[in-house]
file work_15.pdb (PDB, C-alpha atoms)
ATOM      1  CA  MET Q 369      -7.563 -22.546   1.723
ATOM      2  CA  PRO Q 370      -7.974 -26.036   0.199
ATOM      3  CA  MET Q 371      -5.237 -27.888  -1.638
ATOM      4  CA  GLN Q 372      -3.992 -25.736  -4.440
ATOM      5  CA  ASP Q 373      -2.558 -26.671  -7.775
ATOM      6  CA  HIS Q 374       0.991 -25.673  -8.540
ATOM      7  CA  LEU Q 375       0.243 -22.619 -10.714
ATOM      8  CA  SER Q 376      -2.345 -21.262  -8.285
ATOM      9  CA  ARG Q 377       0.190 -21.520  -5.471
ATOM     10  CA  THR Q 378       2.795 -19.643  -7.518
ATOM     11  CA  PHE Q 379       0.419 -16.835  -8.497
ATOM     12  CA  ALA Q 380      -0.965 -16.543  -4.955
ATOM     13  CA  ALA Q 381       2.585 -16.266  -3.614
ATOM     14  CA  LEU Q 382       3.323 -13.451  -6.079
ATOM     15  CA  ALA Q 383       0.146 -11.545  -5.188
ATOM     16  CA  ASP Q 384       1.778  -9.583  -2.400
ATOM     17  CA  PRO Q 385       4.244  -6.669  -2.583
ATOM     18  CA  THR Q 386       6.262  -7.826   0.453
ATOM     19  CA  ARG Q 387       6.800 -11.252  -1.072
ATOM     20  CA  ARG Q 388       7.723  -9.742  -4.443
ATOM     21  CA  ALA Q 389      10.245  -7.474  -2.690
ATOM     22  CA  MET Q 390      11.763 -10.545  -1.017
ATOM     23  CA  LEU Q 391      12.163 -12.236  -4.389
ATOM     24  CA  ALA Q 392      13.726  -9.055  -5.774
ATOM     25  CA  ARG Q 393      16.245  -9.141  -2.908
ATOM     26  CA  LEU Q 394      17.030 -12.809  -3.534
ATOM     27  CA  SER Q 395      17.467 -12.219  -7.259
ATOM     28  CA  GLN Q 396      20.699 -10.437  -6.287
ATOM     29  CA  GLY Q 397      22.043 -13.485  -4.498
ATOM     30  CA  GLU Q 398      21.319 -15.733  -1.563
ATOM     31  CA  ALA Q 399      20.684 -14.209   1.854
ATOM     32  CA  ASN Q 400      19.855 -15.431   5.316
ATOM     33  CA  VAL Q 401      16.499 -14.865   6.973
ATOM     34  CA  SER Q 402      17.602 -11.905   9.099
ATOM     35  CA  ASP Q 403      19.034 -10.110   6.044
ATOM     36  CA  ILE Q 404      15.804 -10.672   4.169
ATOM     37  CA  ALA Q 405      13.694  -9.605   7.134
ATOM     38  CA  ARG Q 406      15.582  -6.401   8.003
ATOM     39  CA  PRO Q 407      13.940  -3.963   5.517
ATOM     40  CA  PHE Q 408      10.464  -5.066   6.592
ATOM     41  CA  LEU Q 409      10.831  -4.972  10.369
ATOM     42  CA  LYS Q 410       9.893  -1.315  10.629
ATOM     43  CA  ASP Q 411       6.456  -2.156   9.216
ATOM     44  CA  MET Q 412       5.793  -5.668  10.467
ATOM     45  CA  SER Q 413       6.773  -8.220  13.107
ATOM     46  CA  LEU Q 414       9.387 -10.914  12.539
ATOM     47  CA  PRO Q 415       6.715 -13.658  12.642
ATOM     48  CA  ALA Q 416       4.800 -11.808   9.907
ATOM     49  CA  VAL Q 417       7.969 -11.613   7.808
ATOM     50  CA  THR Q 418       8.818 -15.279   8.271
ATOM     51  CA  LYS Q 419       5.235 -16.191   7.392
ATOM     52  CA  HIS Q 420       5.643 -14.400   4.033
ATOM     53  CA  LEU Q 421       8.906 -16.246   3.500
ATOM     54  CA  LYS Q 422       7.165 -19.529   4.297
ATOM     55  CA  VAL Q 423       4.546 -18.809   1.588
ATOM     56  CA  LEU Q 424       7.384 -18.353  -0.913
ATOM     57  CA  GLU Q 425       9.003 -21.598   0.251
ATOM     58  CA  ASN Q 426       5.742 -23.531   0.023
ATOM     59  CA  ALA Q 427       5.296 -22.273  -3.537
ATOM     60  CA  GLY Q 428       8.819 -23.501  -4.359
ATOM     61  CA  LEU Q 429       9.982 -19.970  -5.192
ATOM     62  CA  VAL Q 430      12.526 -19.902  -2.386
ATOM     63  CA  SER Q 431      14.628 -22.785  -1.177
ATOM     64  CA  LYS Q 432      16.952 -23.057   1.791
ATOM     65  CA  GLY Q 433      20.542 -24.111   1.288
ATOM     66  CA  ARG Q 434      22.263 -26.847   3.249
ATOM     67  CA  ASN Q 435      25.293 -24.951   4.397
ATOM     68  CA  ALA Q 436      26.560 -26.264   7.734
ATOM     69  CA  GLN Q 437      26.895 -22.841   9.398
ATOM     70  CA  TYR Q 438      23.664 -21.271   8.237
ATOM     71  CA  ARG Q 439      20.854 -22.018   5.839
ATOM     72  CA  PRO Q 440      20.741 -19.208   3.289
ATOM     73  CA  CYS Q 441      17.592 -18.623   1.248
ATOM     74  CA  ARG Q 442      17.808 -18.520  -2.490
ATOM     75  CA  LEU Q 443      15.500 -17.766  -5.357
ATOM     76  CA  ASN Q 444      14.255 -20.758  -7.283
ATOM     77  CA  GLY Q 445      13.097 -19.663 -10.716
ATOM     78  CA  GLU Q 446      11.429 -22.842 -11.941
ATOM     79  CA  PRO Q 447       7.908 -22.007 -10.745
ATOM     80  CA  LEU Q 448       8.370 -18.582 -12.359
ATOM     81  CA  ARG Q 449       9.195 -20.252 -15.646
ATOM     82  CA  ASP Q 450       6.000 -22.332 -15.542
ATOM     83  CA  ALA Q 451       3.929 -19.288 -14.683
ATOM     84  CA  VAL Q 452       5.521 -17.178 -17.442
ATOM     85  CA  ASP Q 453       4.884 -19.984 -19.931
ATOM     86  CA  TRP Q 454       1.235 -20.078 -18.957
ATOM     87  CA  MET Q 455       0.841 -16.304 -19.218
ATOM     88  CA  GLU Q 456       2.727 -15.964 -22.495
ATOM     89  CA  ARG Q 457       0.324 -18.366 -24.167
ATOM     90  CA  TYR Q 458      -2.674 -16.154 -23.460
ATOM     91  CA  ARG Q 459      -0.874 -12.892 -23.972
ATOM     92  CA  VAL Q 460       0.129 -14.048 -27.437
ATOM     93  CA  ALA Q 461      -3.445 -15.176 -28.216
ATOM     94  CA  TRP Q 462      -4.701 -11.776 -27.123
ATOM     95  CA  GLU Q 463      -2.210  -9.936 -29.306
ATOM     96  CA  GLU Q 464      -3.215 -12.062 -32.289
ATOM     97  CA  GLN Q 465      -6.831 -11.123 -31.679
ATOM     98  CA  LEU Q 466      -5.867  -7.472 -31.690
ATOM     99  CA  ASP Q 467      -3.959  -7.956 -34.947
ATOM    100  CA  ARG Q 468      -6.968  -9.619 -36.556
ATOM    101  CA  LEU Q 469      -9.217  -6.830 -35.348
ATOM    102  CA  GLY Q 470      -6.776  -4.304 -36.774
ATOM    103  CA  ALA Q 471      -6.701  -6.102 -40.126
ATOM    104  CA  TYR Q 472     -10.499  -6.279 -40.157
ATOM    105  CA  LEU Q 473     -10.869  -2.572 -39.467
ATOM    106  CA  GLN Q 474      -8.212  -1.805 -42.070
ATOM    107  CA  ALA Q 475     -10.021  -3.881 -44.724
ATOM    108  CA  LYS Q 476     -13.326  -2.296 -43.818
ATOM    109  CA  THR Q 477     -11.886   1.200 -44.124
ATOM    110  CA  THR Q 478      -9.961   0.767 -47.361
ATOM    111  CA  GLY Q 479     -12.132  -1.760 -49.246
ATOM    112  CA  GLY Q 480     -15.598  -1.040 -47.997
ATOM    113  CA  SER Q 481     -17.744   2.032 -48.247
ATOM    114  CA  HIS Q 482     -15.205   4.302 -49.985
ATOM    115  CA  GLY Q 483     -15.366   6.107 -46.701
ATOM    116  CA  ARG Q 484     -14.149   9.525 -45.818
ATOM    117  CA  LYS Q 485     -10.462  10.225 -46.002
ATOM    118  CA  LYS Q 486      -8.952  11.250 -42.735
TER
ATOM    119  CA  MET E 486      -8.651  -7.432   1.576
ATOM    120  CA  PRO E 487      -7.263  -3.873   1.617
ATOM    121  CA  MET E 488      -6.532  -1.845  -1.492
ATOM    122  CA  GLN E 489      -4.211  -3.819  -3.696
ATOM    123  CA  ASP E 490      -1.584  -2.646  -6.084
ATOM    124  CA  HIS E 491      -1.986  -3.449  -9.747
ATOM    125  CA  LEU E 492       0.412  -6.404  -9.919
ATOM    126  CA  SER E 493      -0.968  -8.000  -6.765
ATOM    127  CA  ARG E 494      -4.476  -7.796  -8.222
ATOM    128  CA  THR E 495      -3.323  -9.453 -11.455
ATOM    129  CA  PHE E 496      -1.508 -12.292  -9.681
ATOM    130  CA  ALA E 497      -4.380 -12.839  -7.224
ATOM    131  CA  ALA E 498      -6.820 -13.062 -10.165
ATOM    132  CA  LEU E 499      -4.611 -15.695 -11.818
ATOM    133  CA  ALA E 500      -4.322 -17.764  -8.635
ATOM    134  CA  ASP E 501      -7.431 -19.816  -9.369
ATOM    135  CA  PRO E 502      -7.941 -22.629 -11.909
ATOM    136  CA  THR E 503     -11.517 -21.561 -12.769
ATOM    137  CA  ARG E 504     -10.400 -18.044 -13.583
ATOM    138  CA  ARG E 505      -7.457 -19.322 -15.626
ATOM    139  CA  ALA E 506      -9.839 -21.585 -17.565
ATOM    140  CA  MET E 507     -12.036 -18.558 -18.292
ATOM    141  CA  LEU E 508      -9.052 -16.670 -19.661
ATOM    142  CA  ALA E 509      -8.127 -19.709 -21.768
ATOM    143  CA  ARG E 510     -11.665 -19.682 -23.199
ATOM    144  CA  LEU E 511     -11.478 -15.962 -23.947
ATOM    145  CA  SER E 512      -8.097 -16.316 -25.603
ATOM    146  CA  GLN E 513     -10.000 -18.033 -28.446
ATOM    147  CA  GLY E 514     -12.256 -15.055 -28.972
ATOM    148  CA  GLU E 515     -14.871 -12.979 -27.210
ATOM    149  CA  ALA E 516     -17.826 -14.704 -25.580
ATOM    150  CA  ASN E 517     -20.879 -13.722 -23.593
ATOM    151  CA  VAL E 518     -21.309 -14.501 -19.920
ATOM    152  CA  SER E 519     -23.550 -17.547 -20.425
ATOM    153  CA  ASP E 520     -21.063 -19.109 -22.873
ATOM    154  CA  ILE E 521     -18.257 -18.559 -20.404
ATOM    155  CA  ALA E 522     -20.318 -19.872 -17.507
ATOM    156  CA  ARG E 523     -21.638 -23.055 -19.174
ATOM    157  CA  PRO E 524     -18.656 -25.409 -18.577
ATOM    158  CA  PHE E 525     -18.558 -24.489 -14.878
ATOM    159  CA  LEU E 526     -22.247 -24.787 -14.003
ATOM    160  CA  LYS E 527     -22.035 -28.484 -13.220
ATOM    161  CA  ASP E 528     -19.607 -27.695 -10.392
ATOM    162  CA  MET E 529     -20.720 -24.271  -9.181
ATOM    163  CA  SER E 530     -23.622 -21.860  -9.112
ATOM    164  CA  LEU E 531     -24.073 -19.039 -11.612
ATOM    165  CA  PRO E 532     -23.403 -16.403  -8.911
ATOM    166  CA  ALA E 533     -20.126 -18.186  -8.093
ATOM    167  CA  VAL E 534     -19.169 -18.124 -11.771
ATOM    168  CA  THR E 535     -20.039 -14.448 -12.230
ATOM    169  CA  LYS E 536     -18.063 -13.642  -9.087
ATOM    170  CA  HIS E 537     -14.962 -15.210 -10.647
ATOM    171  CA  LEU E 538     -15.606 -13.221 -13.806
ATOM    172  CA  LYS E 539     -15.904 -10.063 -11.730
ATOM    173  CA  VAL E 540     -12.472 -10.727 -10.173
ATOM    174  CA  LEU E 541     -11.014 -10.937 -13.696
ATOM    175  CA  GLU E 542     -12.777  -7.709 -14.666
ATOM    176  CA  ASN E 543     -11.567  -5.887 -11.557
ATOM    177  CA  ALA E 544      -8.023  -6.960 -12.363
ATOM    178  CA  GLY E 545      -8.434  -5.555 -15.879
ATOM    179  CA  LEU E 546      -7.895  -8.996 -17.448
ATOM    180  CA  VAL E 547     -11.382  -9.119 -18.945
ATOM    181  CA  SER E 548     -13.334  -6.233 -20.380
ATOM    182  CA  LYS E 549     -16.899  -6.037 -21.583
ATOM    183  CA  GLY E 550     -17.653  -4.821 -25.086
ATOM    184  CA  ARG E 551     -20.167  -2.124 -25.910
ATOM    185  CA  ASN E 552     -22.156  -3.962 -28.515
ATOM    186  CA  ALA E 553     -25.790  -2.781 -28.581
ATOM    187  CA  GLN E 554     -27.314  -6.282 -28.518
ATOM    188  CA  TYR E 555     -25.107  -7.900 -25.928
ATOM    189  CA  ARG E 556     -21.943  -7.138 -24.030
ATOM    190  CA  PRO E 557     -19.405  -9.810 -24.894
ATOM    191  CA  CYS E 558     -16.422 -10.394 -22.618
ATOM    192  CA  ARG E 559     -12.964 -10.280 -24.047
ATOM    193  CA  LEU E 560      -9.465 -10.967 -22.830
ATOM    194  CA  ASN E 561      -7.360  -7.925 -22.116
ATOM    195  CA  GLY E 562      -3.696  -8.862 -22.219
ATOM    196  CA  GLU E 563      -2.127  -5.688 -20.868
ATOM    197  CA  PRO E 564      -2.064  -6.722 -17.202
ATOM    198  CA  LEU E 565      -0.554 -10.031 -18.339
ATOM    199  CA  ARG E 566       2.212  -8.154 -20.101
ATOM    200  CA  ASP E 567       3.091  -6.209 -16.932
ATOM    201  CA  ALA E 568       3.079  -9.388 -14.873
ATOM    202  CA  VAL E 569       5.236 -11.271 -17.392
ATOM    203  CA  ASP E 570       7.689  -8.359 -17.440
ATOM    204  CA  TRP E 571       7.957  -8.468 -13.666
ATOM    205  CA  MET E 572       8.488 -12.230 -13.593
ATOM    206  CA  GLU E 573      10.962 -12.303 -16.463
ATOM    207  CA  ARG E 574      13.243  -9.918 -14.621
ATOM    208  CA  TYR E 575      13.646 -12.279 -11.692
ATOM    209  CA  ARG E 576      13.668 -15.437 -13.737
ATOM    210  CA  VAL E 577      16.573 -14.026 -15.754
ATOM    211  CA  ALA E 578      18.432 -13.037 -12.580
ATOM    212  CA  TRP E 579      17.933 -16.535 -11.229
ATOM    213  CA  GLU E 580      19.258 -18.147 -14.413
ATOM    214  CA  GLU E 581      22.316 -15.907 -14.322
ATOM    215  CA  GLN E 582      22.955 -17.045 -10.760
ATOM    216  CA  LEU E 583      22.768 -20.648 -11.914
ATOM    217  CA  ASP E 584      25.186 -19.896 -14.755
ATOM    218  CA  ARG E 585      27.660 -18.304 -12.344
ATOM    219  CA  LEU E 586      27.343 -21.251 -10.011
ATOM    220  CA  GLY E 587      27.947 -23.604 -12.937
ATOM    221  CA  ALA E 588      31.028 -21.644 -14.003
ATOM    222  CA  TYR E 589      32.309 -21.652 -10.434
ATOM    223  CA  LEU E 590      31.856 -25.402 -10.082
ATOM    224  CA  GLN E 591      33.460 -25.926 -13.484
ATOM    225  CA  ALA E 592      36.489 -23.830 -12.519
ATOM    226  CA  LYS E 593      36.773 -25.612  -9.202
ATOM    227  CA  THR E 594      36.646 -29.020 -10.881
ATOM    228  CA  THR E 595      39.051 -28.352 -13.735
ATOM    229  CA  GLY E 596      41.469 -25.878 -12.140
ATOM    230  CA  GLY E 597      41.327 -26.771  -8.482
ATOM    231  CA  SER E 598      42.109 -29.962  -6.643
ATOM    232  CA  HIS E 599      42.734 -32.166  -9.698
ATOM    233  CA  GLY E 600      39.679 -33.952  -8.376
ATOM    234  CA  ARG E 601      38.469 -37.413  -9.148
ATOM    235  CA  LYS E 602      37.297 -38.170 -12.637
ATOM    236  CA  LYS E 603      33.761 -39.398 -12.793
TER
END
call {"tool": "encode", "arguments": {"input": "work_15.pdb", "output": "structure tokens"}}
result
Amino acid sequence: MPMQDHLSRTFAALADPTRRAMLARLSQGEANVSDIARPFLKDMSLPAVTKHLKVLENAGLVSKGRNAQYRPCRLNGEPLRDAVDWMERYRVAWEEQLDRLGAYLQAKTTGGSHGRKK
Amino acid sequence: MPMQDHLSRTFAALADPTRRAMLARLSQGEANVSDIARPFLKDMSLPAVTKHLKVLENAGLVSKGRNAQYRPCRLNGEPLRDAVDWMERYRVAWEEQLDRLGAYLQAKTTGGSHGRKK
């Protein structure tokens, strides 16, 4: 895949149930790679699991701590915030369109052709 | 790609700047395919544009109206709502973690080792 913009990388990282499950796990607190991997190892290989984790890291959704003993993974919510901001803008616009449509239909029904009562 | 769950399909559809620009256009009101396509035709072919539109339709983010004369496309915000709900959950969890960390550091600084003033 060619160079991706920031938002595309975030959304692409979220477009997979395994990666979303990893983020759900990390939302409860930091964890090391083997803890994160464990629930998935019955369905996939460790390299496959670490590849998913790498996608999350590359998207900035997961960062690795700098603890001397081990390097725990943690959730980094900033890319989520940007993505939510983007989505909210269009969700709101869509809801306003629905409201306007509702108002239009309302006006048409009550003001217009003296239509049938329901 | 194998069968995708609903959320994965939404996020995958959003993971492309052309498709996000199409949604931005549709957030201002419904439009027909040629209106949507026009700004992109200097960079890509019409089949490439309609393929992007098809991805948005398959994800349920765009629906086609049933007007007799033409079938305008419109934004459908419901998949966005589900995706925002999913993201908000983990963003909130992440911010709570940051708050706890802040409180911990605060307690450590003020109550602990009578550390250096900055």
call {"tool": "axis_aligned_box", "arguments": {"input": "work_15.pdb", "around": "range 502-506 of chain E", "padding_each_side": "4 Å", "output": "AutoDock Vina command-line options"}}
result
--center_x -9.5 --center_y -20.3 --center_z -14.7 --size_x 12.1 --size_y 12.6 --size_z 13.7
call {"tool": "closest_residue", "arguments": {"input": "work_15.pdb", "among": "E:Leu526, E:Ser548, E:Glu573, E:Ile521", "to": "Leu560 in chain E", "atoms": "all atoms listed in the file"}}
result
E:Ser548
call {"tool": "resolve_selection", "arguments": {"input": "work_15.pdb", "expression": "the PyMOL selection byres ((chain E) within 10 of (chain Q))", "output": "PyMOL selection string"}}
result
chain E and resi 489-502+505+508-515+559-566+568-583
call {"tool": "atom_distance", "arguments": {"input": "work_15.pdb", "atom1": "CA of Ala533 in chain E", "atom2": "CA of Leu546 in chain E"}}
result
17.9 Å
call {"tool": "resolve_selection", "arguments": {"input": "work_15.pdb", "expression": "the PyMOL selection byres ((chain Q and resi 432) around 12)", "output": "PDB file with C-alpha atoms, keeping the file's coordinate frame"}}
result
ATOM      1  CA  LEU Q 394      17.030 -12.809  -3.534  1.00  0.00           C
ATOM      2  CA  GLU Q 398      21.319 -15.733  -1.563  1.00  0.00           C
ATOM      3  CA  ALA Q 399      20.684 -14.209   1.854  1.00  0.00           C
ATOM      4  CA  ASN Q 400      19.855 -15.431   5.316  1.00  0.00           C
ATOM      5  CA  VAL Q 401      16.499 -14.865   6.973  1.00  0.00           C
ATOM      6  CA  LEU Q 421       8.906 -16.246   3.500  1.00  0.00           C
ATOM      7  CA  LYS Q 422       7.165 -19.529   4.297  1.00  0.00           C
ATOM      8  CA  LEU Q 424       7.384 -18.353  -0.913  1.00  0.00           C
ATOM      9  CA  GLU Q 425       9.003 -21.598   0.251  1.00  0.00           C
ATOM     10  CA  ASN Q 426       5.742 -23.531   0.023  1.00  0.00           C
ATOM     11  CA  GLY Q 428       8.819 -23.501  -4.359  1.00  0.00           C
ATOM     12  CA  LEU Q 429       9.982 -19.970  -5.192  1.00  0.00           C
ATOM     13  CA  VAL Q 430      12.526 -19.902  -2.386  1.00  0.00           C
ATOM     14  CA  SER Q 431      14.628 -22.785  -1.177  1.00  0.00           C
ATOM     15  CA  GLY Q 433      20.542 -24.111   1.288  1.00  0.00           C
ATOM     16  CA  ARG Q 434      22.263 -26.847   3.249  1.00  0.00           C
ATOM     17  CA  ASN Q 435      25.293 -24.951   4.397  1.00  0.00           C
ATOM     18  CA  ALA Q 436      26.560 -26.264   7.734  1.00  0.00           C
ATOM     19  CA  TYR Q 438      23.664 -21.271   8.237  1.00  0.00           C
ATOM     20  CA  ARG Q 439      20.854 -22.018   5.839  1.00  0.00           C
ATOM     21  CA  PRO Q 440      20.741 -19.208   3.289  1.00  0.00           C
ATOM     22  CA  CYS Q 441      17.592 -18.623   1.248  1.00  0.00           C
ATOM     23  CA  ARG Q 442      17.808 -18.520  -2.490  1.00  0.00           C
ATOM     24  CA  LEU Q 443      15.500 -17.766  -5.357  1.00  0.00           C
ATOM     25  CA  ASN Q 444      14.255 -20.758  -7.283  1.00  0.00           C
TER      26      ASN Q 444
END
call {"tool": "atom_distance", "arguments": {"input": "work_15.pdb", "atom1": "CA of Ser413 in chain Q", "atom2": "CA of Ala389 in chain Q"}}
result
16.2 Å
call {"tool": "atom_distance", "arguments": {"input": "work_15.pdb", "atom1": "CA of Phe408 in chain Q", "atom2": "CA of Ala427 in chain Q"}}
result
20.6 Å
